[in-house]
Amino acid sequence: MARRPWRAALGVTLAALALSGCAASREPHGGGSGTPKTGGTVRFAMPPSATPNWIMPFSIPGYSGSYNGMIRSTMYVPLYSYDASSGSVNLDDAASAANVPRYSPDGKTVTITLKPLTWSTGEPMTSRDVEFWLNLARAGKDNWGKYSKGLIPDSITGFHAVDDHTFTFTLDKAYNPDWFTANQLSLIVPMPHSWDRTSAAGPVGDHDRTPDGAKQVFDFLVSQAKQLGTYATNPLWKVVNGPFALAGFTTSGEVTLRKNPKYTGPDPAKIDTVRFLTFTSSSAEYNVLRAGGVDYGYLPTSNLGQRSKLEEQGYRVEPWNGWSITYSPYNFNNPKLGKVFSQLYVRQAIQHAVDQDAITSVIWRGAARVGYGPVPQDNDTKYLSPKQKTNPYPFDLNKSKQLLADHGWKPGSDGVLLCAEAKLCGEGIAEGTRLSLTMLTESGSDETDGTMQELRSELSKAGIEMKINAQPLNTVLANGTTCKPTDPSCSWQLSYFGTQGSWYFSANPSGEELFATGAGTNFGGYTDPKADKLISATNLASDNGAMLEYSAYLAEQLPVLWLPNPPYQVSAIDTALHGVSQDPMAGQLLPQRWFWTR
């Protein structure tokens, strides 16, 4: 793929230095007095081929990149924010818009008091701003990527404003309070009531208080959020309550944040500016990193051997491990192969062809970890079942071949398996169907390229052909969403968006957003009544029994192709930059806490 020119902001001279690797002219890093300094700019490198493309607090399918959320949370403060950088998952009070919630004895009423935050217009954040969010969530839930049927906003049956800063939610049932706060209330992002309009020129009103009006407002805001080129000038997005405000946004994804001088919360920014830089590949980013053009970047694993050189240059190198899982969704609605993927034995055969040990040790050079199921494998193991931990489907090509042969698949003239006996292949699979599939995968990463080549090689030995369609990450996310078999958009068969991990969990690694029937990020359309029942149980239970059963069942049922889980990145951070917290949940960057010592 042709690389885009270096961004003008980095300068032609810097680009030339990066490409030539001229050590004598590298920009210096490190040093510092050790004394915190106020102000300054930090240049942060985005993941390869990742370009921010969403600003609205409701993320719609196809616009769910974690980098969007990281940037957005600096401008629009979520009701509750969590952090796991200490080794355990805890509420981050300073980064939250409300005080700790109070649940009634029966668990069906939640009382919440907002902090004294102020919008950049000078207006205070109030209970009305939360009601506004809730009304839009109800109206636009079918187009909200975080929606899971029966949960928020469905689970909130009543809203009552006690006063301008205190309100109550009435719930449809008693949930596990810890789970509900961490995984549901944390989805709420108070939005300025000044957005309550149905057109750019229309008046601000109470449109959201009727279902039709709320839907019009939701659709209007979505239409505005799709106009990336106007982000920096659109008056909507200038109204913020977080420690930063948007100062620049290019259609190529480069973002500039500046300290919000009107922020009134407990977590003000120490630095003046954060610049998010985009790169077409990890090698392109590394060239600029070595030239000194990045303050907070990353090393491709292929360059881990250069760690000492970066340290000599003034960087510290730290892995950013994730509270995450990595996988490739099957498109169960694909008109050609959806019925094939619906057969558990086919998914078992494909899973047995994944050599996770080789991928982690050779391609990722030990930086990635194996992953066999729906909960994180290598962090807090209290949610991890013995079945998932010990891998129900270890690498075994003989088992792959036998499973397919036993179900009527035989090699064609080109060696690719085809269905020779339809009655054995499974319901809906026609005789002559070929086991030839296409993987839609993100481009720009040497590790991802290597993983896909390794997977293609092993699958071919089992008689399964895998073609690779590499695209920029935003394209993969946009084109690999839930669809109906008759939709033109349903042509994708498998997709991979896991170079930095596919999914980063909230505090509780439950699966209501991923694998519940109809969930917004259940991209492949997986559905299983038992899985739905187990997911529901994890949301209600006060112990981990239901989660362990869920972990075991989904590890065995293979709703997706489980793959090794890489770190979010191996970071290279200027040693003079402090206050950096590499949150394993990767949901927030918290640049307001960064500060320079030089």
# chains A, B, ... in the order shown; residues from 1 in each chain; ligands from 1
call {"tool": "residues_around", "arguments": {"residues": "range 280-282 of chain A", "least_positions_apart": "5", "cutoff": "8 Å", "atoms": "only C-alpha atoms", "output": "list of chain:residue names"}}
result
A:Arg3, A:Arg4, A:Pro47, A:Pro48, A:Ser49, A:Ala50, A:Leu299, A:Pro300, A:Ser443, A:Gly444, A:Ser445, A:Asp446
call {"tool": "residues_around", "arguments": {"residues": "Tyr296 in chain A", "least_positions_apart": "4", "cutoff": "7 Å", "atoms": "only C-alpha atoms", "output": "JSON, numbers by chain"}}
result
{"A": [43, 44, 45, 572, 573, 574]}
call {"tool": "write_last_selection", "arguments": {"atoms": "N, CA, C and O atoms", "output": "PDB file, in the first residue's frame"}}
result
ATOM      1  N   ARG A  43       3.445  15.108  21.730  1.00  0.00           N
ATOM      2  CA  ARG A  43       3.091  14.491  20.448  1.00  0.00           C
ATOM      3  C   ARG A  43       2.905  12.994  20.676  1.00  0.00           C
ATOM      4  O   ARG A  43       3.848  12.297  21.038  1.00  0.00           O
ATOM      5  N   PHE A  44       1.694  12.540  20.470  1.00  0.00           N
ATOM      6  CA  PHE A  44       1.306  11.154  20.752  1.00  0.00           C
ATOM      7  C   PHE A  44       1.061  10.423  19.437  1.00  0.00           C
ATOM      8  O   PHE A  44       0.324  10.907  18.570  1.00  0.00           O
ATOM      9  N   ALA A  45       1.677   9.244  19.284  1.00  0.00           N
ATOM     10  CA  ALA A  45       1.538   8.473  18.047  1.00  0.00           C
ATOM     11  C   ALA A  45       0.328   7.551  18.116  1.00  0.00           C
ATOM     12  O   ALA A  45       0.202   6.750  19.036  1.00  0.00           O
ATOM     13  N   ALA A 572       7.111   3.820  23.888  1.00  0.00           N
ATOM     14  CA  ALA A 572       8.369   4.545  24.061  1.00  0.00           C
ATOM     15  C   ALA A 572       7.994   5.956  24.486  1.00  0.00           C
ATOM     16  O   ALA A 572       7.375   6.703  23.712  1.00  0.00           O
ATOM     17  N   ILE A 573       8.331   6.323  25.724  1.00  0.00           N
ATOM     18  CA  ILE A 573       7.874   7.577  26.323  1.00  0.00           C
ATOM     19  C   ILE A 573       9.085   8.407  26.741  1.00  0.00           C
ATOM     20  O   ILE A 573      10.003   7.899  27.383  1.00  0.00           O
ATOM     21  N   ASP A 574       9.082   9.651  26.363  1.00  0.00           N
ATOM     22  CA  ASP A 574      10.155  10.559  26.771  1.00  0.00           C
ATOM     23  C   ASP A 574      10.305  10.498  28.294  1.00  0.00           C
ATOM     24  O   ASP A 574       9.324  10.632  29.033  1.00  0.00           O
TER      25      ASP A 574
END
call {"tool": "select_by_dssp", "arguments": {"residues": "range 269-501 of chain A", "states": "alpha helix (DSSP H)", "output": "PyMOL selection string"}}
result
chain A and resi 282-290+307-313+338-341+344-352+356-358+386-389+397-406+422-425+446-461+473-479
call {"tool": "residues_around", "arguments": {"residues": "Leu563 in chain A", "least_positions_apart": "4", "cutoff": "6 Å", "atoms": "only C-alpha atoms", "output": "ChimeraX atom specification"}}
result
/A:326-327,371
call {"tool": "write_last_selection", "arguments": {"atoms": "N, CA and C atoms", "output": "compact mmCIF listing (two decimals), in the first residue's frame"}}
result
# COMPACT_ATOMS: atom_id res chain seq x y z
N THR A 326 -8.68 -10.86 22.03
CA THR A 326 -8.48 -10.64 20.60
C THR A 326 -9.11 -11.80 19.84
N TYR A 327 -9.81 -11.47 18.76
CA TYR A 327 -10.57 -12.49 18.04
C TYR A 327 -10.87 -12.00 16.62
N GLY A 371 -4.89 -16.62 23.85
CA GLY A 371 -6.26 -16.32 24.24
C GLY A 371 -7.21 -17.39 23.75
call {"tool": "residues_around", "arguments": {"residues": "Asp532 in chain A", "least_positions_apart": "2", "cutoff": "10 Å", "atoms": "only C-alpha atoms", "output": "JSON, numbers by chain"}}
result
{"A": [511, 512, 515, 516, 517, 527, 528, 529, 530, 534, 535, 536, 537, 550]}
call {"tool": "residues_around", "arguments": {"residues": "Glu431 in chain A", "least_positions_apart": "5", "cutoff": "6 Å", "atoms": "only C-alpha atoms", "output": "compact mmCIF listing (two decimals) with N, CA and C atoms, in the first residue's frame"}}
result
# COMPACT_ATOMS: atom_id res chain seq x y z
N CYS A 419 -17.76 -29.51 -0.17
CA CYS A 419 -18.79 -30.37 0.42
C CYS A 419 -19.19 -31.44 -0.60
N ALA A 420 -18.83 -32.69 -0.31
CA ALA A 420 -19.14 -33.80 -1.22
C ALA A 420 -20.43 -34.51 -0.83
N ALA A 422 -23.82 -33.40 1.10
CA ALA A 422 -24.54 -32.30 1.74
C ALA A 422 -25.21 -32.72 3.04
call {"tool": "residues_around", "arguments": {"residues": "range 128-145 of chain A", "least_positions_apart": "5", "cutoff": "8 Å", "atoms": "only C-alpha atoms", "output": "MDAnalysis selection string"}}
result
chainID A and resid 58:61 64 153:154 159 161 164 188:193 196 208:209 211:212 214:215 217:219 519:521
call {"tool": "select_by_dssp", "arguments": {"residues": "range 187-328 of chain A", "states": "strand (DSSP E)", "output": "PyMOL selection string"}}
result
chain A and resi 244-249+255-259+273-277+296-299+315-320+324-325+327-328
call {"tool": "write_last_selection", "arguments": {"atoms": "N, CA, C and O atoms", "output": "tab-separated table (two decimals), in the first residue's frame"}}
result
chain	number	residue	atom	x	y	z
A	244	PHE	N	-9.91	19.18	28.31
A	244	PHE	CA	-9.38	19.64	27.01
A	244	PHE	C	-10.53	20.02	26.08
A	244	PHE	O	-11.68	19.57	26.26
A	245	ALA	N	-10.21	20.82	25.09
A	245	ALA	CA	-11.14	21.18	24.02
A	245	ALA	C	-10.45	20.91	22.69
A	245	ALA	O	-9.21	20.87	22.60
A	246	LEU	N	-11.25	20.71	21.67
A	246	LEU	CA	-10.72	20.42	20.35
A	246	LEU	C	-10.18	21.68	19.69
A	246	LEU	O	-10.89	22.69	19.59
A	247	ALA	N	-8.92	21.63	19.24
A	247	ALA	CA	-8.31	22.78	18.58
A	247	ALA	C	-8.05	22.53	17.10
A	247	ALA	O	-7.90	23.47	16.33
A	248	GLY	N	-7.99	21.25	16.71
A	248	GLY	CA	-7.74	20.93	15.31
A	248	GLY	C	-8.09	19.50	15.01
A	248	GLY	O	-7.93	18.62	15.86
A	249	PHE	N	-8.63	19.27	13.79
A	249	PHE	CA	-9.00	17.91	13.39
A	249	PHE	C	-8.98	17.87	11.87
A	249	PHE	O	-9.73	18.57	11.21
A	255	VAL	N	-5.28	15.01	15.18
A	255	VAL	CA	-6.11	15.72	16.15
A	255	VAL	C	-5.23	16.56	17.07
A	255	VAL	O	-4.17	16.11	17.51
A	256	THR	N	-5.68	17.78	17.36
A	256	THR	CA	-4.99	18.63	18.32
A	256	THR	C	-5.97	19.01	19.43
A	256	THR	O	-7.07	19.51	19.16
A	257	LEU	N	-5.58	18.75	20.67
A	257	LEU	CA	-6.36	19.14	21.84
A	257	LEU	C	-5.62	20.25	22.58
A	257	LEU	O	-4.39	20.22	22.68
A	258	ARG	N	-6.38	21.20	23.11
A	258	ARG	CA	-5.78	22.25	23.93
A	258	ARG	C	-6.48	22.32	25.27
A	258	ARG	O	-7.66	22.00	25.39
A	259	LYS	N	-5.72	22.71	26.26
A	259	LYS	CA	-6.25	22.84	27.62
A	259	LYS	C	-7.51	23.70	27.62
A	259	LYS	O	-7.54	24.79	27.02
A	273	THR	N	-1.08	21.37	25.30
A	273	THR	CA	-1.51	20.82	24.01
A	273	THR	C	-1.12	19.36	23.88
A	273	THR	O	-0.04	18.96	24.32
A	274	VAL	N	-2.00	18.59	23.27
A	274	VAL	CA	-1.69	17.22	22.86
A	274	VAL	C	-1.97	17.10	21.37
A	274	VAL	O	-3.06	17.47	20.90
A	275	ARG	N	-0.98	16.60	20.64
A	275	ARG	CA	-1.15	16.38	19.20
A	275	ARG	C	-1.13	14.89	18.93
A	275	ARG	O	-0.17	14.21	19.30
A	276	PHE	N	-2.18	14.39	18.30
A	276	PHE	CA	-2.28	12.98	17.95
A	276	PHE	C	-1.86	12.84	16.49
A	276	PHE	O	-2.50	13.39	15.58
A	277	LEU	N	-0.77	12.09	16.28
A	277	LEU	CA	-0.19	11.93	14.94
A	277	LEU	C	-0.60	10.57	14.36
A	277	LEU	O	-0.63	9.57	15.07
A	296	TYR	N	5.58	10.38	22.73
A	296	TYR	CA	4.94	9.20	23.31
A	296	TYR	C	4.52	8.32	22.14
A	296	TYR	O	3.51	8.56	21.50
A	297	GLY	N	5.36	7.34	21.84
A	297	GLY	CA	5.11	6.49	20.68
A	297	GLY	C	5.20	5.02	21.04
A	297	GLY	O	4.94	4.62	22.18
A	298	TYR	N	5.59	4.21	20.08
A	298	TYR	CA	5.62	2.77	20.30
A	298	TYR	C	6.65	2.10	19.38
A	298	TYR	O	7.04	2.65	18.34
A	299	LEU	N	7.08	0.90	19.82
A	299	LEU	CA	8.00	0.10	19.03
A	299	LEU	C	7.24	-1.06	18.41
A	299	LEU	O	6.53	-1.78	19.12
A	315	TYR	N	14.29	7.85	25.81
A	315	TYR	CA	12.96	7.26	25.98
A	315	TYR	C	13.01	6.16	27.04
A	315	TYR	O	14.04	5.51	27.23
A	316	ARG	N	11.90	5.93	27.70
A	316	ARG	CA	11.73	4.72	28.49
A	316	ARG	C	10.75	3.81	27.74
A	316	ARG	O	9.79	4.30	27.14
A	317	VAL	N	11.01	2.52	27.77
A	317	VAL	CA	10.21	1.56	27.00
A	317	VAL	C	9.38	0.73	27.98
A	317	VAL	O	9.94	0.08	28.87
A	318	GLU	N	8.05	0.79	27.82
A	318	GLU	CA	7.14	0.10	28.74
A	318	GLU	C	6.02	-0.57	27.96
A	318	GLU	O	5.34	0.09	27.16
A	319	PRO	N	5.78	-1.87	28.17
A	319	PRO	CA	4.64	-2.51	27.51
A	319	PRO	C	3.33	-1.99	28.09
A	319	PRO	O	3.23	-1.72	29.29
A	320	TRP	N	2.35	-1.84	27.24
A	320	TRP	CA	1.01	-1.41	27.63
A	320	TRP	C	0.09	-2.61	27.46
A	320	TRP	O	-0.47	-2.85	26.41
A	324	SER	N	-8.16	-7.22	27.95
A	324	SER	CA	-8.75	-7.36	26.62
A	324	SER	C	-8.71	-8.79	26.12
A	324	SER	O	-8.05	-9.66	26.71
A	325	ILE	N	-9.42	-9.01	25.02
A	325	ILE	CA	-9.35	-10.26	24.26
A	325	ILE	C	-9.18	-9.90	22.79
A	325	ILE	O	-9.49	-8.78	22.38
A	327	TYR	N	-9.81	-11.47	18.76
A	327	TYR	CA	-10.57	-12.49	18.04
A	327	TYR	C	-10.87	-12.00	16.62
A	327	TYR	O	-10.68	-10.83	16.29
A	328	SER	N	-11.38	-12.93	15.82
A	328	SER	CA	-11.86	-12.61	14.49
A	328	SER	C	-13.31	-13.07	14.38
A	328	SER	O	-13.58	-14.26	14.48
